[in-house]
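Text of protein.txt (compact mmCIF, C-alpha atoms) as supplied:
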```
# COMPACT_ATOMS: atom_id res chain seq x y z
CA MET A 1 113.29 69.66 54.81
CA LYS A 2 116.81 69.05 56.14
CA THR A 3 119.22 66.65 54.40
CA ASN A 4 122.42 65.76 56.20
CA ILE A 5 125.82 65.74 54.50
CA THR A 6 127.78 62.83 55.97
CA ILE A 7 131.25 61.38 55.60
CA PRO A 8 130.83 58.11 53.65
CA THR A 9 131.22 54.95 55.73
CA ASP A 10 132.31 52.58 52.96
CA LEU A 11 135.38 54.29 51.55
CA TRP A 12 138.11 52.94 53.78
CA GLU A 13 138.37 50.00 56.15
CA GLU A 14 140.24 51.27 59.21
CA ASP A 15 138.66 53.54 61.83
CA GLU A 16 140.91 56.34 60.65
CA GLN A 17 139.64 59.92 60.70
CA CYS A 18 139.53 62.12 57.62
CA THR A 19 139.96 65.85 57.16
CA ILE A 20 137.82 68.24 55.17
CA THR A 21 140.39 69.93 52.95
CA VAL A 22 138.08 72.44 51.28
CA TRP A 23 134.46 73.50 51.13
CA LEU A 24 133.68 74.36 47.51
CA ALA A 25 130.47 76.20 48.51
CA SER A 26 130.07 78.80 51.26
CA ASP A 27 127.93 78.52 54.36
CA GLY A 28 124.49 79.83 53.38
CA ALA A 29 125.02 79.30 49.64
CA ASN A 30 122.38 77.74 47.42
CA VAL A 31 123.61 74.41 46.06
CA THR A 32 122.22 71.96 43.51
CA GLU A 33 121.87 68.24 44.11
CA GLY A 34 124.90 66.42 42.71
CA ALA A 35 127.16 69.48 42.71
CA LEU A 36 130.63 69.07 44.27
CA ILE A 37 130.55 70.91 47.57
CA ALA A 38 133.59 69.63 49.52
CA GLU A 39 136.74 67.56 49.35
CA ILE A 40 137.97 65.31 52.12
CA MET A 41 141.30 63.61 52.67
CA ALA A 42 141.52 60.11 54.18
CA ALA A 43 144.46 57.71 54.08
CA LYS A 44 146.30 60.03 51.66
CA VAL A 45 143.30 60.00 49.31
CA GLN A 46 141.40 63.04 48.18
CA HIS A 47 137.70 62.33 47.78
CA GLU A 48 134.89 64.56 46.52
CA ILE A 49 131.63 65.11 48.40
CA GLU A 50 128.55 66.03 46.41
CA ALA A 51 125.39 67.77 47.54
CA PRO A 52 122.77 65.14 48.49
CA ALA A 53 119.94 67.64 47.80
CA SER A 54 119.28 71.11 46.42
CA GLY A 55 118.86 74.00 48.83
CA THR A 56 120.74 76.15 51.30
CA LEU A 57 124.02 74.79 52.67
CA THR A 58 124.85 74.94 56.37
CA ILE A 59 128.43 73.99 57.26
CA LEU A 60 128.91 72.27 60.63
CA LYS A 61 132.53 71.15 60.32
CA GLU A 62 135.26 73.53 59.24
CA THR A 63 138.27 72.60 57.12
CA GLU A 64 141.37 70.97 58.62
CA VAL A 65 139.33 69.56 61.54
CA PRO A 66 139.32 65.73 61.87
CA ALA A 67 136.01 64.01 61.12
CA ASP A 68 134.85 60.41 61.61
CA LYS A 69 133.23 58.00 59.19
CA GLY A 70 129.50 58.69 59.10
CA GLU A 71 129.84 62.05 60.84
CA VAL A 72 127.45 64.82 59.78
CA ILE A 73 129.56 67.71 58.48
CA GLY A 74 126.73 69.92 57.27
CA PHE A 75 123.16 69.92 56.01
CA ILE A 76 121.06 71.30 53.22
CA THR A 77 117.71 72.94 53.85
CA SER A 78 115.28 72.76 50.96
CA MET B 79 158.02 53.50 24.57
CA ILE B 80 157.11 52.02 27.95
CA VAL B 81 158.07 54.99 30.10
CA ALA B 82 156.81 58.46 29.19
CA HIS B 83 159.44 61.13 29.79
CA PHE B 84 158.39 64.63 30.79
CA GLU B 85 160.54 67.69 31.19
CA THR B 86 159.06 68.36 34.61
CA ALA B 87 156.80 66.45 37.00
CA ALA B 88 154.02 68.92 36.18
CA GLY B 89 153.73 67.28 32.75
CA GLY B 90 153.33 63.82 34.26
CA ILE B 91 150.75 65.03 36.76
CA ARG B 92 148.77 66.70 33.94
CA ARG B 93 148.81 63.45 31.92
CA GLU B 94 147.53 61.52 34.96
CA GLU B 95 144.69 64.03 35.40
CA THR B 96 143.75 63.71 31.73
CA LEU B 97 143.52 59.92 32.09
CA LEU B 98 141.51 60.33 35.29
CA ARG B 99 139.00 62.60 33.50
CA ARG B 100 138.66 60.05 30.67
CA GLY B 101 137.64 57.52 33.28
CA ARG B 102 138.72 54.37 31.45
CA PRO B 103 141.14 51.71 32.77
CA ALA B 104 144.67 52.85 31.99
CA VAL B 105 148.29 52.44 33.06
CA LEU B 106 150.93 55.14 32.81
CA LEU B 107 154.61 54.90 33.69
CA TRP B 108 156.42 58.20 33.67
CA THR B 109 159.49 60.01 34.86
CA ALA B 110 160.59 63.64 34.88
CA GLU B 111 163.89 65.00 33.60
CA HIS B 112 164.25 67.82 36.12
CA PRO B 113 164.17 67.37 39.90
CA ALA B 114 161.29 68.80 41.92
CA LEU B 115 159.53 68.30 45.23
CA VAL B 116 155.84 67.66 44.68
CA VAL B 117 153.51 68.52 47.56
CA PRO B 118 149.76 68.63 48.19
CA GLY B 119 148.42 72.19 48.15
CA SER B 120 147.50 71.99 51.83
CA LEU B 121 151.21 71.87 52.78
CA LEU B 122 152.04 75.21 51.22
CA GLY B 123 149.75 77.36 53.32
CA ASN B 124 152.11 78.49 56.06
CA CYS B 125 155.19 80.65 56.39
CA GLU B 126 157.64 77.87 57.38
CA SER B 127 156.68 75.80 54.35
CA GLY B 128 156.94 78.85 52.12
CA GLN B 129 160.51 79.53 53.29
CA ALA B 130 161.46 75.87 52.85
CA ALA B 131 159.99 75.92 49.33
CA THR B 132 162.04 78.98 48.44
CA GLU B 133 165.23 77.34 49.75
CA ALA B 134 164.48 74.12 47.88
CA ALA B 135 164.06 76.07 44.63
CA THR B 136 167.43 77.77 45.07
CA GLN B 137 169.02 74.32 45.55
CA GLY B 138 167.56 73.08 42.27
CA TRP B 139 164.47 71.41 43.72
CA PRO B 140 161.49 73.65 42.85
CA VAL B 141 158.27 72.82 44.66
CA LEU B 142 155.25 71.81 42.57
CA MET B 143 151.69 71.29 43.77
CA ARG B 144 149.50 68.24 43.21
CA LYS B 145 145.88 67.44 44.07
CA SER B 146 146.29 64.07 45.75
CA GLY B 147 147.00 63.68 49.45
CA GLY B 148 150.05 62.76 51.47
CA GLY B 149 153.31 64.59 51.96
CA VAL B 150 156.38 65.62 49.98
CA VAL B 151 157.46 63.40 47.06
CA PRO B 152 160.82 63.88 45.35
CA GLN B 153 160.56 63.72 41.56
CA GLY B 154 163.20 63.66 38.84
CA PRO B 155 165.19 61.11 36.84
CA GLY B 156 165.54 58.88 39.93
CA THR B 157 161.79 58.46 40.47
CA LEU B 158 159.63 56.14 38.37
CA ASN B 159 155.91 56.91 38.63
CA LEU B 160 153.23 54.29 38.17
CA ALA B 161 149.65 55.50 37.66
CA MET B 162 146.75 53.05 37.42
CA ILE B 163 143.27 54.35 36.57
CA LEU B 164 140.15 52.31 37.19
CA PRO B 165 136.41 53.08 37.28
CA ARG B 166 135.51 52.24 40.88
CA PRO B 167 133.97 48.77 41.06
CA GLN B 168 131.09 48.38 43.50
CA GLY B 169 132.38 47.97 47.05
CA PHE B 170 135.93 48.97 46.11
CA THR B 171 137.58 50.74 49.06
CA ILE B 172 140.61 52.99 49.46
CA ASP B 173 142.42 50.01 50.99
CA ASP B 174 141.53 47.91 47.93
CA GLY B 175 143.19 50.58 45.79
CA TYR B 176 146.36 50.45 47.86
CA ARG B 177 146.35 46.65 47.84
CA LEU B 178 146.02 46.69 44.05
CA ILE B 179 148.92 49.02 43.31
CA CYS B 180 151.18 47.53 46.00
CA ALA B 181 150.52 43.99 44.77
CA THR B 182 151.37 45.15 41.25
CA ILE B 183 154.72 46.53 42.35
CA ALA B 184 155.44 43.48 44.51
CA GLU B 185 154.76 41.19 41.55
CA ALA B 186 157.19 43.09 39.34
CA LEU B 187 159.84 43.09 42.08
CA THR B 188 159.43 39.35 42.58
CA ARG B 189 160.55 38.81 38.98
CA PHE B 190 163.91 40.23 40.06
CA ASP B 191 164.02 38.26 43.33
CA ILE B 192 163.40 41.39 45.38
CA ASP B 193 161.18 40.79 48.39
CA ALA B 194 158.84 43.57 49.44
CA THR B 195 156.25 44.25 52.11
CA THR B 196 153.83 47.08 52.86
CA GLY B 197 153.63 49.28 55.93
CA PRO B 198 154.63 52.56 57.52
CA CYS B 199 158.28 53.65 57.52
CA ALA B 200 159.47 56.10 60.18
CA GLY B 201 161.81 58.72 58.74
CA SER B 202 160.56 58.41 55.17
CA PHE B 203 159.06 61.03 52.90
CA CYS B 204 155.25 61.05 52.56
CA ASP B 205 154.86 58.25 55.12
CA GLY B 206 151.66 56.24 55.36
CA ARG B 207 150.27 52.76 55.96
CA TRP B 208 150.84 51.69 52.36
CA ASN B 209 154.51 52.22 51.55
CA MET B 210 156.34 49.52 49.60
CA LEU B 211 159.23 48.45 51.81
CA HIS B 212 162.30 46.34 51.22
CA ARG B 213 163.57 45.00 54.54
CA GLY B 214 162.08 47.93 56.41
CA ARG B 215 163.30 50.68 54.08
CA LYS B 216 161.00 52.62 51.81
CA LEU B 217 161.21 51.75 48.12
CA ALA B 218 157.98 53.40 46.97
CA GLY B 219 155.28 55.68 48.29
CA THR B 220 151.65 55.46 47.25
CA ALA B 221 148.64 57.77 47.13
CA GLN B 222 145.28 57.95 45.39
CA ARG B 223 142.83 60.44 43.98
CA TRP B 224 139.14 59.63 43.59
CA GLN B 225 137.07 61.73 41.25
CA GLY B 226 133.44 61.98 40.32
CA PRO B 227 130.07 61.44 41.98
CA ALA B 228 129.49 58.31 44.06
CA SER B 229 127.58 56.61 41.23
CA CYS B 230 130.48 56.75 38.75
CA GLN B 231 133.73 57.38 40.59
CA VAL B 232 137.10 56.91 38.96
CA VAL B 233 140.15 55.92 41.02
CA LEU B 234 143.70 57.04 40.27
CA MET B 235 146.25 54.95 42.16
CA HIS B 236 149.76 56.35 42.12
CA ALA B 237 153.16 55.11 43.23
CA ALA B 238 156.48 56.94 43.24
CA ILE B 239 159.15 54.25 43.01
CA LEU B 240 162.72 55.16 43.97
CA CYS B 241 165.08 54.04 41.20
CA ALA B 242 168.03 56.11 42.46
CA LEU B 243 168.66 58.37 45.44
CA PRO B 244 170.36 61.55 44.19
CA GLU B 245 173.25 62.77 46.34
CA THR B 246 171.71 66.25 46.20
CA MET B 247 168.37 65.16 47.67
CA PRO B 248 167.44 67.91 50.21
CA TRP B 249 166.26 65.61 53.00
CA HIS B 250 166.19 68.41 55.59
CA LEU B 251 163.97 70.53 53.35
CA ILE B 252 161.60 67.62 52.76
CA GLU B 253 161.30 67.37 56.53
CA ARG B 254 160.67 71.11 56.92
CA LEU B 255 157.98 71.02 54.24
CA GLN B 256 156.28 68.04 55.90
CA SER B 257 156.64 69.15 59.51
CA PRO B 258 153.49 71.33 59.69
CA GLN B 259 151.45 68.25 58.72
CA ALA B 260 153.24 65.86 61.11
CA PRO B 261 155.14 67.90 63.70
CA ASP B 262 155.88 64.87 65.92
CA ALA B 263 157.18 62.64 63.11
CA PRO B 264 160.83 61.51 63.27
CA PRO B 265 163.37 63.30 61.01
CA VAL B 266 163.33 62.37 57.34
CA THR B 267 166.60 60.57 56.55
CA LYS B 268 168.26 58.95 53.56
CA ALA B 269 168.82 55.81 55.67
CA ALA B 270 165.07 55.14 55.76
CA HIS B 271 165.01 54.72 51.98
CA VAL B 272 166.32 52.26 49.42
CA ALA B 273 166.42 52.55 45.63
CA LEU B 274 166.15 49.97 42.85
CA ASP B 275 169.71 50.83 41.81
CA ASP B 276 170.87 49.48 45.18
CA LEU B 277 168.95 46.24 44.64
CA LEU B 278 169.69 45.74 40.92
CA PRO B 279 173.37 46.66 40.77
CA ASP B 280 174.03 45.10 37.36
CA GLY B 281 171.90 47.67 35.57
CA ALA B 282 170.25 45.11 33.30
CA GLY B 283 167.44 44.51 35.73
CA ALA B 284 166.82 48.22 36.08
CA HIS B 285 166.14 48.45 32.34
CA SER B 286 163.77 45.47 32.43
CA PHE B 287 161.85 46.55 35.50
CA PRO B 288 159.45 49.02 33.77
CA GLY B 289 158.36 46.29 31.36
CA ALA B 290 157.66 43.88 34.21
CA LEU B 291 155.80 46.60 36.08
CA ILE B 292 153.52 47.57 33.20
CA ARG B 293 152.69 43.91 32.46
CA ALA B 294 151.77 43.35 36.10
CA ALA B 295 149.64 46.52 36.13
CA GLU B 296 147.79 45.65 32.93
CA ASP B 297 147.12 42.10 34.15
CA ARG B 298 145.67 43.36 37.40
CA LEU B 299 143.47 46.01 35.74
CA HIS B 300 142.32 43.39 33.25
CA ALA B 301 141.17 41.22 36.15
CA TYR B 302 138.73 43.99 37.13
CA ARG B 303 137.14 44.26 33.66
CA PRO B 304 134.26 41.83 34.36
CA ARG B 305 133.28 43.85 37.44
CA ILE B 306 133.50 47.13 35.50
CA SER B 307 131.38 45.88 32.59
CA GLN B 308 128.73 44.70 35.08
CA MET B 309 128.44 48.32 36.23
CA ALA B 310 127.94 49.72 32.72
```

Take the structure I supplied and represent it as structure tokens, if you would.
Amino acid sequence: MKTNITIPTDLWEEDEQCTITVWLASDGANVTEGALIAEIMAAKVQHEIEAPASGTLTILKETEVPADKGEVIGFITS
Amino acid sequence: MIVAHFETAAGGIRREETLLRRGRPAVLLWTAEHPALVVPGSLLGNCESGQAATEAATQGWPVLMRKSGGGVVPQGPGTLNLAMILPRPQGFTIDDGYRLICATIAEALTRFDIDATTGPCAGSFCDGRWNMLHRGRKLAGTAQRWQGPASCQVVLMHAAILCALPETMPWHLIERLQSPQAPDAPPVTKAAHVALDDLLPDGAGAHSFPGALIRAAEDRLHAYRPRISQMA
């Protein structure tokens, strides 16, 4: 089963893009649901992204690349 | 003691992180004895920034790293830091966090008949949508750090308020450190900034300002308590 990792849509009000500052797990790594896997920066705020499921992480969006609210930046295959 | 004094900004940043980990509503006012330029880690990753950091250190402005976002923030005796920590109420957004800390500062300034607005400020350090401005010049910069899983996030709202503008402030080095992040931004200049010392020339107000600020911050955090207890 595939579970998408998305940029939250309810964190900030403007249609401003965010940036993934760091992936805390590598592409292909096994991650556990609830573990911190990435940090994003939006409106001068650092925000943590946690794994929505346990399984193998696939990264779709690299660091320092702008991302939109609701955009899928990776997925977890369980 | 209303204002906590640290030898360097690293001490103040560590105290803020401790309060953030505790996750309870809290207010901290702090200042650092020694000057420093505090930058997010992402700004130190290239050669130009590294050279600028080395030059700043030789001029008495060592560069320290922090975990929140934004650009370069000058620290030292002329900068008063306000940190407000709050468990994230349901529906609370990043903009709500900025509104909260900016309204707190505006309330304290009002007690001294200083008018303030929010907005971007071309030519200022760490520019963003939520600067505190006095007649178009930057008086304070703000940033936030959110920590924890979505179900129990804690918000750290931070403001660096300019109390004095040191003559030795290395404006050109601030610009060089920030330029990789915003290469098209206008030059960082002293003229884009204003300090409390300029607005409270008698000195008495400057001594009273931290007290007014902490009362305003505590009142505003207190107003969130019903929403926080509903979450528990």

Open item on the list: As an exercise, work out the distance from atom CA of Ala270 of chain B to atom CA of Ser202 of chain B in Å and give it to one decimal place.
Closed with: 5.6 Å

Determine, using all atoms listed in the file, which residues of chain B have any atom at most 12 Å from an atom of chain A, and tabulate each with its shortest atom pair and distance in Å to one decimal place, rows ordered by chain and then rising number, as a Markdown table.
```
| residue | atom | partner | partner_atom | distance |
| --- | --- | --- | --- | --- |
| B:Val117 | CA | A:Lys44 | CA | 11.9 |
| B:Pro118 | CA | A:Lys44 | CA | 9.9 |
| B:Gly119 | CA | A:Thr21 | CA | 9.6 |
| B:Ser120 | CA | A:Thr21 | CA | 7.5 |
| B:Leu121 | CA | A:Thr21 | CA | 11.0 |
| B:Gly123 | CA | A:Glu64 | CA | 11.8 |
| B:Arg144 | CA | A:Gln46 | CA | 10.8 |
| B:Lys145 | CA | A:Gln46 | CA | 7.5 |
| B:Ser146 | CA | A:Gln46 | CA | 5.6 |
| B:Gly147 | CA | A:Lys44 | CA | 4.3 |
| B:Gly148 | CA | A:Lys44 | CA | 4.6 |
| B:Gly149 | CA | A:Lys44 | CA | 8.4 |
| B:Val150 | CA | A:Lys44 | CA | 11.6 |
| B:Arg166 | CA | A:Leu11 | CA | 10.9 |
| B:Pro167 | CA | A:Leu11 | CA | 11.9 |
| B:Gln168 | CA | A:Asp10 | CA | 10.4 |
| B:Gly169 | CA | A:Asp10 | CA | 7.5 |
| B:Phe170 | CA | A:Leu11 | CA | 7.6 |
| B:Thr171 | CA | A:Leu11 | CA | 4.9 |
| B:Ile172 | CA | A:Trp12 | CA | 5.0 |
| B:Asp173 | CA | A:Trp12 | CA | 5.9 |
| B:Asp174 | CA | A:Trp12 | CA | 8.4 |
| B:Gly175 | CA | A:Trp12 | CA | 9.8 |
| B:Tyr176 | CA | A:Ala43 | CA | 9.7 |
| B:Arg177 | CA | A:Trp12 | CA | 11.9 |
| B:Pro198 | CA | A:Ala43 | CA | 11.9 |
| B:Cys204 | CA | A:Lys44 | CA | 9.1 |
| B:Asp205 | CA | A:Lys44 | CA | 9.4 |
| B:Gly206 | CA | A:Ala43 | CA | 7.5 |
| B:Arg207 | CA | A:Ala43 | CA | 7.9 |
| B:Trp208 | CA | A:Ala43 | CA | 8.9 |
| B:Asn209 | CA | A:Lys44 | CA | 11.3 |
| B:Gly219 | CA | A:Lys44 | CA | 10.5 |
| B:Thr220 | CA | A:Lys44 | CA | 8.3 |
| B:Ala221 | CA | A:Lys44 | CA | 5.6 |
| B:Gln222 | CA | A:Val45 | CA | 4.8 |
| B:Arg223 | CA | A:Gln46 | CA | 5.1 |
| B:Trp224 | CA | A:His47 | CA | 5.2 |
| B:Gln225 | CA | A:Glu48 | CA | 6.4 |
| B:Gly226 | CA | A:Glu48 | CA | 6.9 |
| B:Pro227 | CA | A:Glu50 | CA | 6.6 |
| B:Ala228 | CA | A:Glu50 | CA | 8.1 |
| B:Ser229 | CA | A:Gly34 | CA | 10.3 |
| B:Cys230 | CA | A:Gly34 | CA | 11.8 |
| B:Gln231 | CA | A:Glu48 | CA | 9.4 |
| B:Val232 | CA | A:His47 | CA | 10.4 |
| B:Val233 | CA | A:His47 | CA | 9.6 |
| B:Leu234 | CA | A:Val45 | CA | 9.5 |
| B:Met235 | CA | A:Val45 | CA | 9.2 |
| B:His236 | CA | A:Val45 | CA | 10.3 |
| B:Ala237 | CA | A:Lys44 | CA | 11.9 |
| B:Gln259 | CA | A:Glu64 | CA | 10.4 |
```

Open item on the list: Give me, as a PyMOL selection string, all polymer residues having an atom no more than 12 Å from segment 130-137 of chain B, counting only C-alpha atoms and skipping those fewer than 4 positions away in the same chain.
Closed with: chain B and resi 112-117+121-126+141-143+150+152+246-258

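Of note, atom CA of Ile239 of chain B and atom CA of Met162 of chain B are spaced 13.7 Å apart.
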
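Nearest residue to Gly214 of chain B among B:Val272, B:Ile179, B:Ala184, B:Leu278 is B:Val272, counting all atoms listed in the file.
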
Task: Atomic separation - atom CA of Ala181 of chain B relative to atom CA of Ala110 of chain B, Å - done: 24.2 Å

- [ ] Would you kindly identify which residues have an atom no farther than 7 Å from (161.5, 56.0, 46.7), using only C-alpha atoms and the file's own coordinates, and write them out as an NGL selection string?
- [x] :B and (157 or 216-219 or 238-241 or 271-273)

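Near Ile59 of chain A, within 12 Å and counting only C-alpha atoms, sit Asn4, Ile5, Thr6, Ile20, Val22, Trp23, Leu24, Ala25, Ser26, Asp27, Gly28, Ala29, Ile37, Ala38, Ala51, Thr56, Leu57, Lys61, Glu62, Thr63, Val72, Ile73, Gly74, Phe75, Ile76 and Thr77 of chain A; same-chain residues fewer than 2 positions away were not included.
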
Keeping only C-alpha atoms, write those residues as a PDB file, keeping the file's coordinate frame.
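Once everything was written out, this is selection-v4.pdb:
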```pdb
ATOM      1  CA  ASN A   4     122.420  65.760  56.200  1.00  0.00           C
ATOM      2  CA  ILE A   5     125.820  65.740  54.500  1.00  0.00           C
ATOM      3  CA  THR A   6     127.780  62.830  55.970  1.00  0.00           C
ATOM      4  CA  ILE A  20     137.820  68.240  55.170  1.00  0.00           C
ATOM      5  CA  VAL A  22     138.080  72.440  51.280  1.00  0.00           C
ATOM      6  CA  TRP A  23     134.460  73.500  51.130  1.00  0.00           C
ATOM      7  CA  LEU A  24     133.680  74.360  47.510  1.00  0.00           C
ATOM      8  CA  ALA A  25     130.470  76.200  48.510  1.00  0.00           C
ATOM      9  CA  SER A  26     130.070  78.800  51.260  1.00  0.00           C
ATOM     10  CA  ASP A  27     127.930  78.520  54.360  1.00  0.00           C
ATOM     11  CA  GLY A  28     124.490  79.830  53.380  1.00  0.00           C
ATOM     12  CA  ALA A  29     125.020  79.300  49.640  1.00  0.00           C
ATOM     13  CA  ILE A  37     130.550  70.910  47.570  1.00  0.00           C
ATOM     14  CA  ALA A  38     133.590  69.630  49.520  1.00  0.00           C
ATOM     15  CA  ALA A  51     125.390  67.770  47.540  1.00  0.00           C
ATOM     16  CA  THR A  56     120.740  76.150  51.300  1.00  0.00           C
ATOM     17  CA  LEU A  57     124.020  74.790  52.670  1.00  0.00           C
ATOM     18  CA  LYS A  61     132.530  71.150  60.320  1.00  0.00           C
ATOM     19  CA  GLU A  62     135.260  73.530  59.240  1.00  0.00           C
ATOM     20  CA  THR A  63     138.270  72.600  57.120  1.00  0.00           C
ATOM     21  CA  VAL A  72     127.450  64.820  59.780  1.00  0.00           C
ATOM     22  CA  ILE A  73     129.560  67.710  58.480  1.00  0.00           C
ATOM     23  CA  GLY A  74     126.730  69.920  57.270  1.00  0.00           C
ATOM     24  CA  PHE A  75     123.160  69.920  56.010  1.00  0.00           C
ATOM     25  CA  ILE A  76     121.060  71.300  53.220  1.00  0.00           C
ATOM     26  CA  THR A  77     117.710  72.940  53.850  1.00  0.00           C
TER      27      THR A  77
END
```
